[in-house]
Amino acid sequence: MRVVVQRVRRASVSIGGRRKTAIGIGLLVLLGIEEADTEEDAQWLARKTCALRIFDDEAGVMNRSLVEAGGDALVVSQFTLMASYKKGNRPSYIRAAGHGTAIPLYERFVALLESILGRAVETGEFGAEMQVELVNDGPVTICMDTKDKE
């Protein structure tokens, strides 16, 4: 599993010109899933996402997690995060999981975030063509991959 986590002032998802959901201060999480991903990957990534200390404390130092900051979360599925660009200029998405693997893991990741945060997490619509708008705060953007736990 691979994520791009962005600390945002606000973020929203629209589908077909209609706003589906929006959040205020919090995290926009773009989530890519490959066939080899497992429940353990979802658990590790959910815990790590919620625990990242990227929100300012009272002294203006990035020292608070999403949980501590009380921020919102918006998770958007993004199979293009699994792109292979090694050969040529047209990315290959062969590593991206099919719906049978991806949907349950996507839903599980969202459920894990909700459990950790103790409240609902907003989502895009799996497989839909979405327009994602955000105001990145900082900007703060973190990329994480369960196959490369730095």
# chains A, B, ... in the order shown; residues from 1 in each chain; ligands from 1
call {"tool": "residues_around", "arguments": {"residues": "Arg7 in chain A", "least_positions_apart": "6", "cutoff": "9 Å", "atoms": "only C-alpha atoms", "output": "list in words"}}
result
Ile25, Gly26, Leu27, Leu28, Val29, Ile54, Phe55, Val135, Asn136, Asp137, Gly138, Pro139, Val140, Thr141 and Ile142 of chain A
call {"tool": "residues_around", "arguments": {"residues": "Phe79 in chain A", "least_positions_apart": "5", "cutoff": "12 Å", "atoms": "only C-alpha atoms", "output": "number ranges by chain"}}
result
A: 1-4, 30-35, 84, 91-99, 102-103, 106, 126-129
call {"tool": "write_last_selection", "arguments": {"atoms": "N, CA and C atoms", "output": "short mmCIF file (atom, residue, chain, number, x, y, z; two decimals), in the first residue's frame"}}
result
data_model
loop_
_atom_site.label_atom_id
_atom_site.label_comp_id
_atom_site.auth_asym_id
_atom_site.auth_seq_id
_atom_site.Cartn_x
_atom_site.Cartn_y
_atom_site.Cartn_z
N MET A 1 0.86 -1.17 0.00
CA MET A 1 0.00 0.00 0.00
C MET A 1 0.90 1.22 0.00
N ARG A 2 0.42 2.22 -0.66
CA ARG A 2 1.18 3.46 -0.79
C ARG A 2 0.22 4.62 -0.56
N VAL A 3 0.67 5.62 0.21
CA VAL A 3 -0.15 6.80 0.42
C VAL A 3 0.66 8.06 0.17
N VAL A 4 -0.06 9.08 -0.21
CA VAL A 4 0.43 10.45 -0.19
C VAL A 4 -0.47 11.15 0.81
N LEU A 30 -4.29 10.13 -0.15
CA LEU A 30 -4.44 9.45 -1.44
C LEU A 30 -3.89 8.05 -1.25
N LEU A 31 -4.69 7.03 -1.53
CA LEU A 31 -4.34 5.64 -1.21
C LEU A 31 -4.26 4.78 -2.46
N GLY A 32 -3.09 4.15 -2.65
CA GLY A 32 -2.90 3.19 -3.74
C GLY A 32 -2.71 1.80 -3.17
N ILE A 33 -3.32 0.82 -3.81
CA ILE A 33 -3.28 -0.57 -3.32
C ILE A 33 -2.81 -1.47 -4.45
N GLU A 34 -1.90 -2.41 -4.11
CA GLU A 34 -1.44 -3.38 -5.10
C GLU A 34 -1.91 -4.77 -4.69
N GLU A 35 -1.86 -5.71 -5.62
CA GLU A 35 -2.36 -7.07 -5.38
C GLU A 35 -1.69 -7.74 -4.19
N SER A 84 4.17 2.18 -12.60
CA SER A 84 5.56 1.84 -12.90
C SER A 84 5.95 2.71 -14.09
N PRO A 91 3.12 5.33 -18.22
CA PRO A 91 3.13 4.53 -16.99
C PRO A 91 2.30 3.26 -17.14
N SER A 92 2.76 2.22 -16.48
CA SER A 92 2.04 0.96 -16.42
C SER A 92 1.40 0.85 -15.04
N TYR A 93 0.18 0.37 -15.01
CA TYR A 93 -0.54 0.23 -13.75
C TYR A 93 -0.78 -1.23 -13.41
N ILE A 94 0.05 -2.11 -13.94
CA ILE A 94 -0.12 -3.54 -13.77
C ILE A 94 -0.05 -3.97 -12.31
N ARG A 95 0.67 -3.21 -11.48
CA ARG A 95 0.79 -3.56 -10.05
C ARG A 95 -0.44 -3.14 -9.25
N ALA A 96 -1.25 -2.28 -9.79
CA ALA A 96 -2.44 -1.82 -9.05
C ALA A 96 -3.41 -2.99 -8.88
N ALA A 97 -3.95 -3.10 -7.68
CA ALA A 97 -4.87 -4.20 -7.37
C ALA A 97 -6.18 -4.04 -8.13
N GLY A 98 -6.75 -5.17 -8.50
CA GLY A 98 -8.08 -5.19 -9.09
C GLY A 98 -9.12 -4.93 -8.01
N HIS A 99 -10.35 -4.73 -8.42
CA HIS A 99 -11.41 -4.39 -7.47
C HIS A 99 -11.58 -5.43 -6.37
N ALA A 102 -8.67 -4.57 -4.03
CA ALA A 102 -8.55 -3.18 -3.65
C ALA A 102 -9.73 -2.67 -2.82
N ILE A 103 -10.94 -2.98 -3.21
CA ILE A 103 -12.10 -2.43 -2.49
C ILE A 103 -12.13 -2.87 -1.03
N TYR A 106 -9.32 -1.03 0.80
CA TYR A 106 -9.65 0.40 0.89
C TYR A 106 -10.65 0.61 2.02
N PHE A 126 -14.81 4.98 -4.73
CA PHE A 126 -13.88 4.06 -5.34
C PHE A 126 -14.22 3.86 -6.82
N GLY A 127 -13.22 4.04 -7.68
CA GLY A 127 -13.38 3.81 -9.11
C GLY A 127 -13.98 4.96 -9.90
N ALA A 128 -14.44 5.99 -9.22
CA ALA A 128 -15.06 7.12 -9.91
C ALA A 128 -13.99 8.10 -10.39
N GLU A 129 -14.33 8.85 -11.43
CA GLU A 129 -13.46 9.95 -11.84
C GLU A 129 -13.83 11.13 -10.94
#
call {"tool": "closest_residue", "arguments": {"among": "A:Ala11, A:Met130, A:Val5, A:Leu45", "to": "Asp148 in chain A", "atoms": "only C-alpha atoms"}}
result
A:Leu45
call {"tool": "closest_atom_pairs", "arguments": {"of": "range 33-119 of chain A", "to": "range 16-22 of chain A", "cutoff": "12 Å", "atoms": "only C-alpha atoms", "output": "tab-separated table"}}
result
residue	atom	partner	partner_atom	distance
A:Asp72	CA	A:Ala22	CA	9.5
A:Ala73	CA	A:Ala22	CA	9.4
A:Leu74	CA	A:Ala22	CA	7.7
A:Val75	CA	A:Thr21	CA	10.5
A:Val76	CA	A:Thr21	CA	10.8
call {"tool": "write_last_selection", "arguments": {"atoms": "C-alpha atoms", "output": "short mmCIF file (atom, residue, chain, number, x, y, z; two decimals), in the first residue's frame"}}
result
data_model
loop_
_atom_site.label_atom_id
_atom_site.label_comp_id
_atom_site.auth_asym_id
_atom_site.auth_seq_id
_atom_site.Cartn_x
_atom_site.Cartn_y
_atom_site.Cartn_z
CA ASP A 72 -10.53 15.51 9.86
CA ALA A 73 -9.49 12.89 7.33
CA LEU A 74 -10.47 12.40 3.69
CA VAL A 75 -9.34 9.19 1.95
CA VAL A 76 -9.32 9.00 -1.85
#
call {"tool": "select_by_dssp", "arguments": {"residues": "range 4-112 of chain A", "states": "strand (DSSP E)", "output": "PyMOL selection string"}}
result
chain A and resi 4-15+18-23+26-32+55-56+62-64+72-77
call {"tool": "write_last_selection", "arguments": {"atoms": "N, CA and C atoms", "output": "JSON list (two decimals), in the first residue's frame"}}
result
[["chain", "number", "residue", "atom", "x", "y", "z"],
["A", 4, "VAL", "N", -0.06, 9.08, -0.21],
["A", 4, "VAL", "CA", 0.43, 10.45, -0.19],
["A", 4, "VAL", "C", -0.47, 11.15, 0.81],
["A", 5, "VAL", "N", 0.13, 11.62, 1.91],
["A", 5, "VAL", "CA", -0.61, 12.27, 2.99],
["A", 5, "VAL", "C", -0.31, 13.76, 2.90],
["A", 6, "GLN", "N", -1.36, 14.55, 2.81],
["A", 6, "GLN", "CA", -1.19, 16.00, 2.73],
["A", 6, "GLN", "C", -1.94, 16.67, 3.88],
["A", 7, "ARG", "N", -1.21, 17.49, 4.64],
["A", 7, "ARG", "CA", -1.86, 18.28, 5.69],
["A", 7, "ARG", "C", -2.59, 19.42, 4.98],
["A", 8, "VAL", "N", -3.87, 19.54, 5.27],
["A", 8, "VAL", "CA", -4.68, 20.51, 4.54],
["A", 8, "VAL", "C", -5.43, 21.47, 5.47],
["A", 9, "ARG", "N", -5.71, 22.65, 4.93],
["A", 9, "ARG", "CA", -6.64, 23.59, 5.58],
["A", 9, "ARG", "C", -8.07, 23.16, 5.26],
["A", 10, "ARG", "N", -8.22, 22.66, 4.02],
["A", 10, "ARG", "CA", -9.52, 22.12, 3.59],
["A", 10, "ARG", "C", -9.28, 21.28, 2.35],
["A", 11, "ALA", "N", -10.19, 20.34, 2.12],
["A", 11, "ALA", "CA", -10.13, 19.49, 0.93],
["A", 11, "ALA", "C", -11.54, 19.01, 0.61],
["A", 12, "SER", "N", -11.77, 18.74, -0.67],
["A", 12, "SER", "CA", -13.08, 18.26, -1.07],
["A", 12, "SER", "C", -12.96, 17.36, -2.29],
["A", 13, "VAL", "N", -13.99, 16.57, -2.50],
["A", 13, "VAL", "CA", -14.10, 15.69, -3.65],
["A", 13, "VAL", "C", -15.41, 15.99, -4.35],
["A", 14, "SER", "N", -15.32, 16.19, -5.67],
["A", 14, "SER", "CA", -16.51, 16.35, -6.50],
["A", 14, "SER", "C", -16.52, 15.25, -7.54],
["A", 15, "ILE", "N", -17.72, 14.82, -7.89],
["A", 15, "ILE", "CA", -17.90, 13.80, -8.92],
["A", 15, "ILE", "C", -18.99, 14.31, -9.85],
["A", 18, "ARG", "N", -20.59, 17.69, -8.96],
["A", 18, "ARG", "CA", -21.28, 17.83, -7.68],
["A", 18, "ARG", "C", -20.35, 17.45, -6.54],
["A", 19, "ARG", "N", -20.32, 18.29, -5.53],
["A", 19, "ARG", "CA", -19.47, 18.02, -4.36],
["A", 19, "ARG", "C", -20.03, 16.82, -3.61],
["A", 20, "LYS", "N", -19.16, 15.83, -3.41],
["A", 20, "LYS", "CA", -19.54, 14.64, -2.66],
["A", 20, "LYS", "C", -19.25, 14.81, -1.18],
["A", 21, "THR", "N", -18.08, 15.36, -0.88],
["A", 21, "THR", "CA", -17.67, 15.50, 0.52],
["A", 21, "THR", "C", -16.62, 16.58, 0.66],
["A", 22, "ALA", "N", -16.44, 17.03, 1.89],
["A", 22, "ALA", "CA", -15.42, 18.04, 2.17],
["A", 22, "ALA", "C", -14.99, 17.93, 3.62],
["A", 23, "ILE", "N", -13.76, 18.35, 3.88],
["A", 23, "ILE", "CA", -13.25, 18.41, 5.25],
["A", 23, "ILE", "C", -12.61, 19.77, 5.48],
["A", 26, "GLY", "N", -7.08, 19.06, 8.48],
["A", 26, "GLY", "CA", -6.84, 17.63, 8.67],
["A", 26, "GLY", "C", -5.91, 17.07, 7.62],
["A", 27, "LEU", "N", -6.19, 15.82, 7.21],
["A", 27, "LEU", "CA", -5.35, 15.13, 6.24],
["A", 27, "LEU", "C", -6.15, 14.67, 5.04],
["A", 28, "LEU", "N", -5.61, 14.94, 3.86],
["A", 28, "LEU", "CA", -6.08, 14.32, 2.64],
["A", 28, "LEU", "C", -5.14, 13.15, 2.39],
["A", 29, "VAL", "N", -5.70, 11.95, 2.29],
["A", 29, "VAL", "CA", -4.91, 10.74, 2.11],
["A", 29, "VAL", "C", -5.26, 10.11, 0.77],
["A", 30, "LEU", "N", -4.29, 10.13, -0.15],
["A", 30, "LEU", "CA", -4.44, 9.45, -1.44],
["A", 30, "LEU", "C", -3.89, 8.05, -1.25],
["A", 31, "LEU", "N", -4.69, 7.03, -1.53],
["A", 31, "LEU", "CA", -4.34, 5.64, -1.21],
["A", 31, "LEU", "C", -4.26, 4.78, -2.46],
["A", 32, "GLY", "N", -3.09, 4.15, -2.65],
["A", 32, "GLY", "CA", -2.90, 3.19, -3.74],
["A", 32, "GLY", "C", -2.71, 1.80, -3.17],
["A", 55, "PHE", "N", 1.26, 18.21, 12.83],
["A", 55, "PHE", "CA", 0.42, 19.36, 13.16],
["A", 55, "PHE", "C", 1.12, 20.18, 14.24],
["A", 56, "ASP", "N", 0.98, 21.49, 14.13],
["A", 56, "ASP", "CA", 1.66, 22.38, 15.06],
["A", 56, "ASP", "C", 1.11, 22.29, 16.48],
["A", 62, "MET", "N", 5.85, 21.31, 14.65],
["A", 62, "MET", "CA", 5.10, 20.13, 14.20],
["A", 62, "MET", "C", 5.36, 19.00, 15.20],
["A", 63, "ASN", "N", 4.43, 18.86, 16.13],
["A", 63, "ASN", "CA", 4.63, 17.93, 17.24],
["A", 63, "ASN", "C", 3.35, 17.20, 17.62],
["A", 64, "ARG", "N", 2.26, 17.42, 16.86],
["A", 64, "ARG", "CA", 0.98, 16.80, 17.17],
["A", 64, "ARG", "C", 0.50, 15.92, 16.03],
["A", 72, "ASP", "N", -9.73, 16.39, 10.70],
["A", 72, "ASP", "CA", -10.53, 15.51, 9.86],
["A", 72, "ASP", "C", -9.64, 14.69, 8.94],
["A", 73, "ALA", "N", -10.21, 13.68, 8.32],
["A", 73, "ALA", "CA", -9.49, 12.89, 7.33],
["A", 73, "ALA", "C", -10.40, 12.63, 6.13],
["A", 74, "LEU", "N", -9.80, 12.70, 4.95],
["A", 74, "LEU", "CA", -10.47, 12.40, 3.69],
["A", 74, "LEU", "C", -9.58, 11.42, 2.94],
["A", 75, "VAL", "N", -10.10, 10.23, 2.64],
["A", 75, "VAL", "CA", -9.34, 9.19, 1.95],
["A", 75, "VAL", "C", -9.89, 9.05, 0.53],
["A", 76, "VAL", "N", -8.96, 9.11, -0.44],
["A", 76, "VAL", "CA", -9.32, 9.00, -1.85],
["A", 76, "VAL", "C", -8.50, 7.87, -2.46],
["A", 77, "SER", "N", -9.18, 6.91, -3.08],
["A", 77, "SER", "CA", -8.46, 5.82, -3.76],
["A", 77, "SER", "C", -7.77, 6.39, -5.00]]
call {"tool": "closest_atom_pairs", "arguments": {"of": "range 7-78 of chain A", "to": "range 108-116 of chain A", "cutoff": "7 Å", "atoms": "only C-alpha atoms", "output": "Markdown table"}}
result
| residue | atom | partner | partner_atom | distance |
| --- | --- | --- | --- | --- |
| A:Ala42 | CA | A:Phe109 | CA | 5.3 |
| A:Gln43 | CA | A:Leu112 | CA | 6.9 |
| A:Ala46 | CA | A:Leu113 | CA | 5.6 |
call {"tool": "write_last_selection", "arguments": {"atoms": "C-alpha atoms", "output": "compact mmCIF listing (two decimals), in the first residue's frame"}}
result
# COMPACT_ATOMS: atom_id res chain seq x y z
CA ALA A 42 -3.64 -1.62 6.06
CA GLN A 43 -3.14 -1.79 9.83
CA ALA A 46 -3.55 3.43 9.24
call {"tool": "select_by_dssp", "arguments": {"residues": "range 83-135 of chain A", "states": "alpha helix (DSSP H)", "output": "ChimeraX atom specification"}}
result
/A:99-117
call {"tool": "atom_distance", "arguments": {"atom1": "CA of Arg53 in chain A", "atom2": "CA of Val67 in chain A"}}
result
9.5 Å
call {"tool": "atom_distance", "arguments": {"atom1": "CA of Ala120 in chain A", "atom2": "CA of Ala36 in chain A"}}
result
27.5 Å
call {"tool": "atom_distance", "arguments": {"atom1": "CA of Cys50 in chain A", "atom2": "CA of Leu117 in chain A"}}
result
7.5 Å
